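Next up, run23.cif (mmCIF, C-alpha atoms):
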```cif
data_final
#
loop_
_atom_site.label_atom_id
_atom_site.label_comp_id
_atom_site.auth_asym_id
_atom_site.auth_seq_id
_atom_site.Cartn_x
_atom_site.Cartn_y
_atom_site.Cartn_z
CA MET A 1 88.25 67.78 44.86
CA SER A 2 86.63 69.47 47.80
CA THR A 3 87.30 72.93 46.41
CA GLU A 4 85.17 72.13 43.38
CA THR A 5 82.08 71.20 45.34
CA PRO A 6 80.79 74.72 46.15
CA ASN A 7 81.21 75.79 42.52
CA ALA A 8 79.69 72.70 40.97
CA GLY A 9 76.16 73.48 42.10
CA GLY A 10 74.98 70.26 40.55
CA THR A 11 72.84 69.14 43.46
CA GLU A 12 69.96 71.62 43.26
CA GLY A 13 67.02 70.68 45.37
CA GLU A 14 69.16 69.22 48.15
CA GLU A 15 70.97 72.42 49.07
CA PRO A 16 68.84 75.18 50.63
CA SER A 17 68.11 78.00 48.22
CA ARG A 18 69.26 81.54 48.80
CA ALA A 19 65.72 82.52 49.76
CA GLU A 20 65.49 79.70 52.29
CA LEU A 21 68.81 80.70 53.81
CA ALA A 22 67.72 84.34 54.00
CA ALA A 23 64.50 83.28 55.74
CA ARG A 24 66.46 81.17 58.20
CA VAL A 25 68.86 84.04 58.96
CA GLY A 26 65.86 86.33 59.49
CA GLU A 27 64.32 83.83 61.89
CA LEU A 28 67.58 83.52 63.85
CA GLU A 29 67.93 87.31 64.01
CA ASP A 30 64.42 87.55 65.46
CA ARG A 31 65.22 84.92 68.05
CA LEU A 32 68.47 86.71 68.94
CA ALA A 33 66.60 90.01 69.32
CA ASP A 34 64.06 88.32 71.63
CA PHE A 35 66.87 86.78 73.64
CA GLU A 36 68.69 90.09 73.95
CA ALA A 37 65.49 91.84 74.97
CA ASP A 38 64.97 89.23 77.68
CA THR A 39 68.45 89.56 79.11
CA ALA A 40 69.28 93.22 78.45
CA ASP A 41 67.62 94.57 81.58
CA ASP A 42 69.28 92.10 83.91
CA ASN A 43 72.60 92.95 85.44
CA PRO A 44 75.26 90.29 84.95
CA LYS A 45 75.72 88.04 87.97
CA MET A 46 78.71 86.55 89.72
CA SER A 47 78.72 83.80 92.32
CA ILE A 48 81.77 83.06 94.47
CA ILE A 49 82.12 80.23 96.96
CA ALA A 50 84.70 81.13 99.62
CA THR A 51 85.99 78.11 101.54
CA LYS A 52 89.37 79.24 102.92
CA GLY A 53 90.07 81.25 106.04
CA THR A 54 93.76 82.07 105.84
CA LEU A 55 94.92 85.66 105.45
CA ASP A 56 96.19 85.12 101.92
CA MET A 57 93.10 83.25 100.74
CA ALA A 58 90.70 85.80 102.21
CA TYR A 59 91.79 88.40 99.67
CA PRO A 60 90.89 86.88 96.27
CA PRO A 61 87.13 86.50 96.87
CA LEU A 62 86.86 90.00 98.40
CA ILE A 63 88.90 91.71 95.68
CA LEU A 64 86.99 89.95 92.91
CA ALA A 65 83.62 90.60 94.56
CA SER A 66 84.19 94.34 95.02
CA THR A 67 85.66 94.71 91.54
CA ALA A 68 82.81 92.81 89.89
CA ALA A 69 80.37 95.04 91.76
CA ALA A 70 82.19 98.03 90.24
CA PHE A 71 81.57 96.46 86.82
CA GLY A 72 77.86 96.38 87.61
CA TYR A 73 77.63 92.71 88.54
CA GLU A 74 75.21 91.48 91.16
CA VAL A 75 77.58 89.51 93.37
CA THR A 76 76.93 86.88 96.00
CA VAL A 77 79.75 85.34 98.01
CA PHE A 78 78.77 82.14 99.80
CA HIS A 79 81.12 81.53 102.73
CA THR A 80 81.42 78.00 103.99
CA PHE A 81 83.81 76.11 106.26
CA TRP A 82 86.92 78.20 107.02
CA GLY A 83 85.64 80.85 104.64
CA LEU A 84 83.17 81.78 107.40
CA ASP A 85 86.02 83.32 109.41
CA ILE A 86 86.34 86.10 106.80
CA LEU A 87 82.85 87.28 107.77
CA HIS A 88 83.35 86.69 111.50
CA GLU A 89 83.78 90.11 113.10
CA GLU A 90 86.39 88.96 115.63
CA LYS A 91 88.13 86.15 113.77
CA SER A 92 88.52 88.19 110.57
CA LYS A 93 90.88 90.51 112.50
CA SER A 94 93.26 87.66 113.26
CA LEU A 95 93.37 85.53 110.11
CA GLN A 96 96.63 83.60 109.99
CA LEU A 97 99.04 82.77 107.24
CA SER A 98 100.21 79.17 107.20
CA SER A 99 103.96 78.79 106.88
CA VAL A 100 103.66 75.07 106.09
CA GLY A 101 102.46 73.64 102.81
CA ASN A 102 102.94 76.88 100.93
CA PRO A 103 105.88 76.61 98.52
CA SER A 104 105.97 80.40 98.15
CA MET A 105 106.90 80.85 101.80
CA PRO A 106 110.47 81.99 102.44
CA VAL A 107 111.01 79.20 105.00
CA PRO A 108 111.25 75.43 104.41
CA ASN A 109 108.34 73.33 105.74
CA VAL A 110 110.52 71.79 108.46
CA ILE A 111 111.27 75.27 109.84
CA GLY A 112 107.73 76.51 109.19
CA ALA A 113 106.37 73.73 111.40
CA LEU A 114 108.20 75.11 114.49
CA PRO A 115 106.03 76.75 117.16
CA GLY A 116 105.39 80.44 116.54
CA MET A 117 106.26 80.35 112.85
CA ASP A 118 102.70 80.94 111.65
CA ARG A 119 102.48 83.99 113.87
CA MET A 120 105.77 85.28 112.51
CA THR A 121 104.87 84.82 108.84
CA THR A 122 101.44 86.34 109.51
CA ARG A 123 103.06 89.40 111.12
CA MET A 124 105.37 89.70 108.12
CA MET A 125 102.45 89.68 105.72
CA GLU A 126 100.42 92.09 107.85
CA LYS A 127 103.38 94.46 107.78
CA GLN A 128 103.67 94.15 104.01
CA ILE A 129 99.95 94.84 103.67
CA ALA A 130 100.30 97.95 105.81
CA ASP A 131 103.51 99.16 104.13
CA ASN A 132 102.01 98.67 100.68
CA ASP A 133 98.74 100.39 101.59
CA THR A 134 96.86 97.28 100.51
CA ALA A 135 93.27 97.38 101.70
CA THR A 136 92.57 95.44 104.88
CA ILE A 137 90.03 92.61 105.01
CA GLU A 138 87.62 94.80 106.97
CA GLU A 139 87.94 97.65 104.44
CA LEU A 140 87.21 95.25 101.58
CA ILE A 141 84.17 93.83 103.36
CA ASP A 142 82.81 97.31 104.19
CA THR A 143 83.40 98.52 100.64
CA SER A 144 81.83 95.41 99.13
CA LEU A 145 78.75 95.75 101.36
CA ASP A 146 78.48 99.42 100.33
CA MET A 147 78.50 98.33 96.71
CA GLY A 148 75.71 95.85 97.21
CA VAL A 149 77.69 92.60 97.39
CA GLU A 150 75.71 89.96 99.27
CA PHE A 151 77.78 87.97 101.73
CA GLN A 152 76.17 84.72 102.77
CA ALA A 153 77.24 82.63 105.77
CA CYS A 154 76.50 78.92 105.35
CA GLN A 155 74.08 77.92 108.11
CA MET A 156 75.33 74.35 108.34
CA THR A 157 78.90 75.54 108.96
CA ILE A 158 77.73 78.17 111.47
CA ASP A 159 76.16 75.35 113.47
CA LEU A 160 79.12 73.02 112.94
CA MET A 161 81.63 75.64 114.17
CA ASP A 162 79.27 76.63 116.96
CA TYR A 163 79.24 80.26 115.81
CA ASP A 164 76.39 82.62 116.56
CA GLU A 165 74.58 84.56 113.87
CA ASP A 166 75.47 87.77 115.73
CA ASP A 167 79.19 87.00 115.36
CA PHE A 168 79.20 88.19 111.76
CA PHE A 169 79.50 91.66 110.26
CA ASP A 170 76.25 93.61 109.97
CA GLY A 171 74.72 93.01 106.59
CA VAL A 172 75.84 89.39 106.29
CA THR A 173 73.05 87.01 105.29
CA THR A 174 72.65 83.92 107.46
CA GLY A 175 70.23 81.03 107.25
CA VAL A 176 71.28 79.91 103.79
CA GLY A 177 72.53 76.57 102.52
CA ALA A 178 73.95 74.75 99.52
CA ALA A 179 70.71 75.01 97.56
CA THR A 180 70.90 78.80 97.71
CA ALA A 181 74.49 78.63 96.46
CA ILE A 182 73.50 76.32 93.60
CA GLN A 183 70.65 78.61 92.63
CA ASP A 184 73.01 81.60 92.56
CA MET A 185 75.57 79.67 90.54
CA ALA A 186 72.94 78.51 88.06
CA GLU A 187 71.88 82.09 87.42
CA ALA A 188 75.40 83.53 87.38
CA ASP A 189 77.55 84.47 84.42
CA ILE A 190 80.71 83.85 86.45
CA GLN A 191 81.08 81.14 89.10
CA LEU A 192 84.20 80.75 91.21
CA LEU A 193 85.25 78.42 94.00
CA VAL A 194 88.01 79.93 96.14
CA MET B 195 95.30 120.78 76.61
CA THR B 196 92.14 119.00 77.62
CA GLU B 197 88.91 119.24 75.64
CA TYR B 198 86.84 118.16 78.60
CA GLU B 199 86.03 119.80 81.87
CA THR B 200 86.62 117.87 85.02
CA THR B 201 83.67 117.93 87.37
CA GLU B 202 85.24 116.17 90.30
CA THR B 203 88.62 114.77 91.33
CA LEU B 204 89.14 111.48 93.13
CA ASP B 205 92.47 111.04 94.89
CA VAL B 206 93.44 107.37 95.30
CA LYS B 207 97.17 107.98 95.46
CA GLY B 208 98.88 105.27 97.50
CA GLN B 209 95.97 102.87 97.17
CA ASN B 210 96.23 99.57 95.38
CA CYS B 211 94.06 97.05 93.58
CA PRO B 212 91.09 96.87 93.75
CA MET B 213 90.52 100.30 95.34
CA PRO B 214 91.24 102.63 92.37
CA VAL B 215 88.57 100.90 90.28
CA VAL B 216 86.12 100.40 93.15
CA LYS B 217 86.37 104.03 94.33
CA THR B 218 86.16 105.31 90.76
CA LYS B 219 82.88 103.44 90.39
CA GLN B 220 81.58 104.84 93.68
CA SER B 221 82.52 108.40 92.68
CA ILE B 222 81.04 108.04 89.18
CA ASP B 223 77.75 106.98 90.76
CA GLY B 224 77.56 110.42 92.38
CA LEU B 225 77.91 112.30 89.09
CA THR B 226 75.29 113.08 86.48
CA SER B 227 75.41 112.10 82.83
CA GLY B 228 78.07 113.92 80.82
CA GLU B 229 80.23 114.85 83.79
CA VAL B 230 83.89 113.84 83.88
CA LEU B 231 85.72 112.39 86.87
CA GLU B 232 89.46 112.87 87.24
CA VAL B 233 91.19 110.02 89.08
CA LEU B 234 94.68 110.50 90.53
CA ALA B 235 96.44 107.19 91.18
CA THR B 236 99.94 105.91 91.88
CA ASP B 237 99.06 102.25 91.20
CA SER B 238 100.62 101.37 87.82
CA GLY B 239 98.03 98.61 87.44
CA SER B 240 95.32 101.25 87.36
CA MET B 241 96.18 102.05 83.71
CA SER B 242 94.99 98.65 82.54
CA ASP B 243 92.37 98.18 85.26
CA ILE B 244 90.49 101.45 84.78
CA ALA B 245 90.65 101.11 80.98
CA GLY B 246 89.27 97.55 81.21
CA TRP B 247 86.64 98.54 83.72
CA ALA B 248 85.46 101.50 81.61
CA ASP B 249 85.39 99.33 78.50
CA SER B 250 83.21 96.62 80.07
CA THR B 251 80.96 98.71 82.27
CA PRO B 252 77.78 100.28 80.91
CA GLY B 253 77.31 104.00 81.46
CA VAL B 254 80.95 105.05 81.59
CA GLU B 255 83.51 106.04 79.00
CA LEU B 256 87.27 106.45 79.31
CA VAL B 257 88.15 109.90 77.99
CA ASP B 258 91.88 109.99 78.60
CA GLN B 259 94.76 108.51 80.57
CA VAL B 260 97.93 110.42 81.36
CA GLU B 261 101.09 108.90 82.81
CA GLY B 262 104.06 110.75 84.27
CA ASP B 263 106.25 111.13 87.36
CA GLY B 264 104.77 108.06 88.99
CA LEU B 265 101.28 109.51 88.73
CA TYR B 266 98.55 107.92 86.64
CA THR B 267 95.68 110.26 85.87
CA HIS B 268 92.45 108.93 84.40
CA TYR B 269 89.49 110.85 83.00
CA VAL B 270 86.20 108.98 82.98
CA ARG B 271 82.91 110.37 81.70
CA LYS B 272 79.55 109.24 82.94
CA THR B 273 77.42 108.61 79.86
CA GLU B 274 74.05 107.64 81.29
#
```
Could I get this file's structure written as structure tokens?
Amino acid sequence: MSTETPNAGGTEGEEPSRAELAARVGELEDRLADFEADTADDNPKMSIIATKGTLDMAYPPLILASTAAAFGYEVTVFHTFWGLDILHEEKSKSLQLSSVGNPSMPVPNVIGALPGMDRMTTRMMEKQIADNDTATIEELIDTSLDMGVEFQACQMTIDLMDYDEDDFFDGVTTGVGAATAIQDMAEADIQLLV
Amino acid sequence: MTEYETTETLDVKGQNCPMPVVKTKQSIDGLTSGEVLEVLATDSGSMSDIAGWADSTPGVELVDQVEGDGLYTHYVRKTE
């Protein structure tokens, strides 16, 4: 039944004619060209919200930010809550790895909860990072800043944690809040919460 | 063997993701249009990463990739 419909052609007048379709395609092509002209000059944008401050969770936003910058993206990373520690010049040097609540850890939670375990697992990971020549957090931040990534430190969390604006790496933007993050996300082609 | 002349060589041997791609981009920025950058890497992921980066990034073109003896060599041309 349904396969006969296109061939039947018995409903002339209701279906658009070939000329009408061609006109519509032309109109859509014009609109597409206008749209492309409007967007062609703009670099693509990426917005990352970084909320975690453990050694393992500091890496994904920094790796993605620097790589996206290499692709030509304009990148902003909005750091809030524990994510602020990644941008904190002192605290970023001593980010810890939690040995509890992480099923990928080689120790059971009950052992991981013992005093000193976080320090031990952190040391292990730091050694692996060094042995594997993986970039350090500071290297990734420096490289990202060089490539034009904008790091933003959430003002509300700075006040909440009682940090000072001078505590952060040079080049970090302070004095920004959720509205700035929303604006960046609204304009971005890629939005990530880490 | 190669039909292109290398203008500059970037050595990222020993370095891992994301550095081969990031440093390739930084080196390419210093070249002028038409010049070819040779990238020496030991990161096996760089084969896919540099190809993907070159494919999606305006102004660069992957000319060649050579693999052998644990070394991954990439040739990237700046096109604009």
**OP:** Determine the residue membership of the PyMOL selection byres ((chain A) within 10 of (chain B)) for the file above and supply it as a list of chain:residue names.
**Re:** A:Leu62, A:Ile63, A:Leu64, A:Ala65, A:Ser66, A:Thr67, A:Ala68, A:Ala69, A:Ala70, A:Phe71, A:Gly72, A:Tyr73, A:Asn132, A:Asp133, A:Thr134, A:Ala135, A:Glu139, A:Leu140, A:Thr143, A:Ser144, A:Asp146, A:Met147
So that I have them on file, write out the residues from the current selection with C-alpha atoms, as a PDB file, in the frame of the given file.
```
ATOM      1  CA  LEU A  62      86.860  90.000  98.400  1.00  0.00           C
ATOM      2  CA  ILE A  63      88.900  91.710  95.680  1.00  0.00           C
ATOM      3  CA  LEU A  64      86.990  89.950  92.910  1.00  0.00           C
ATOM      4  CA  ALA A  65      83.620  90.600  94.560  1.00  0.00           C
ATOM      5  CA  SER A  66      84.190  94.340  95.020  1.00  0.00           C
ATOM      6  CA  THR A  67      85.660  94.710  91.540  1.00  0.00           C
ATOM      7  CA  ALA A  68      82.810  92.810  89.890  1.00  0.00           C
ATOM      8  CA  ALA A  69      80.370  95.040  91.760  1.00  0.00           C
ATOM      9  CA  ALA A  70      82.190  98.030  90.240  1.00  0.00           C
ATOM     10  CA  PHE A  71      81.570  96.460  86.820  1.00  0.00           C
ATOM     11  CA  GLY A  72      77.860  96.380  87.610  1.00  0.00           C
ATOM     12  CA  TYR A  73      77.630  92.710  88.540  1.00  0.00           C
ATOM     13  CA  ASN A 132     102.010  98.670 100.680  1.00  0.00           C
ATOM     14  CA  ASP A 133      98.740 100.390 101.590  1.00  0.00           C
ATOM     15  CA  THR A 134      96.860  97.280 100.510  1.00  0.00           C
ATOM     16  CA  ALA A 135      93.270  97.380 101.700  1.00  0.00           C
ATOM     17  CA  GLU A 139      87.940  97.650 104.440  1.00  0.00           C
ATOM     18  CA  LEU A 140      87.210  95.250 101.580  1.00  0.00           C
ATOM     19  CA  THR A 143      83.400  98.520 100.640  1.00  0.00           C
ATOM     20  CA  SER A 144      81.830  95.410  99.130  1.00  0.00           C
ATOM     21  CA  ASP A 146      78.480  99.420 100.330  1.00  0.00           C
ATOM     22  CA  MET A 147      78.500  98.330  96.710  1.00  0.00           C
TER      23      MET A 147
END
```
**OP:** Find, counting all atoms listed in the file, the residue in B:Asp223, B:Asp237, B:Asp258, B:Glu232 that gets nearest to Lys272 in chain B.
**Re:**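 Comparing B:Asp223, B:Asp237, B:Asp258, B:Glu232 against Lys272 in chain B, the winner is B:Asp223.
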Subject >> Selected residue, from B:Val257, B:Asp205, B:Leu265, B:Met241, that lies nearest to Glu229 in chain B when counting all atoms listed in the file >> reply: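 Closest to Glu229 in chain B, using all atoms listed in the file: B:Val257.
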**OP:** Have a look at CA of Glu74 in chain A and CA of Val149 in chain A and let me know their distance in Å, one decimal.
**Re:**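 Calculated distance between CA of Glu74 in chain A and CA of Val149 in chain A is 6.8 Å.
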Original post:
Which distance in Å separates CA of Gln259 in chain B and CA of Ala245 in chain B, to one decimal?
Top reply: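 Going from CA of Gln259 in chain B over to CA of Ala245 in chain B, I get 8.5 Å.
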Subject >> Expected selection from the PyMOL selection byres ((chain A and resi 118-131) around 10), given as JSON, numbers by chain >> reply: {"A": [54, 55, 56, 94, 95, 96, 97, 98, 99, 100, 105, 106, 107, 112, 113, 114, 115, 116, 117, 132, 133, 134, 135, 136]}
**OP:** Report as a PyMOL selection string the residues that result from applying the PyMOL selection byres ((chain A and resi 89) around 10) to the structure here.
**Re:** chain A and resi 85-88+90-94+138+166-170
Original post:
Between CA of Ser47 in chain A and CA of Ile190 in chain A, what is the spacing in Å?
Top reply: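 So the answer is 6.2 Å.
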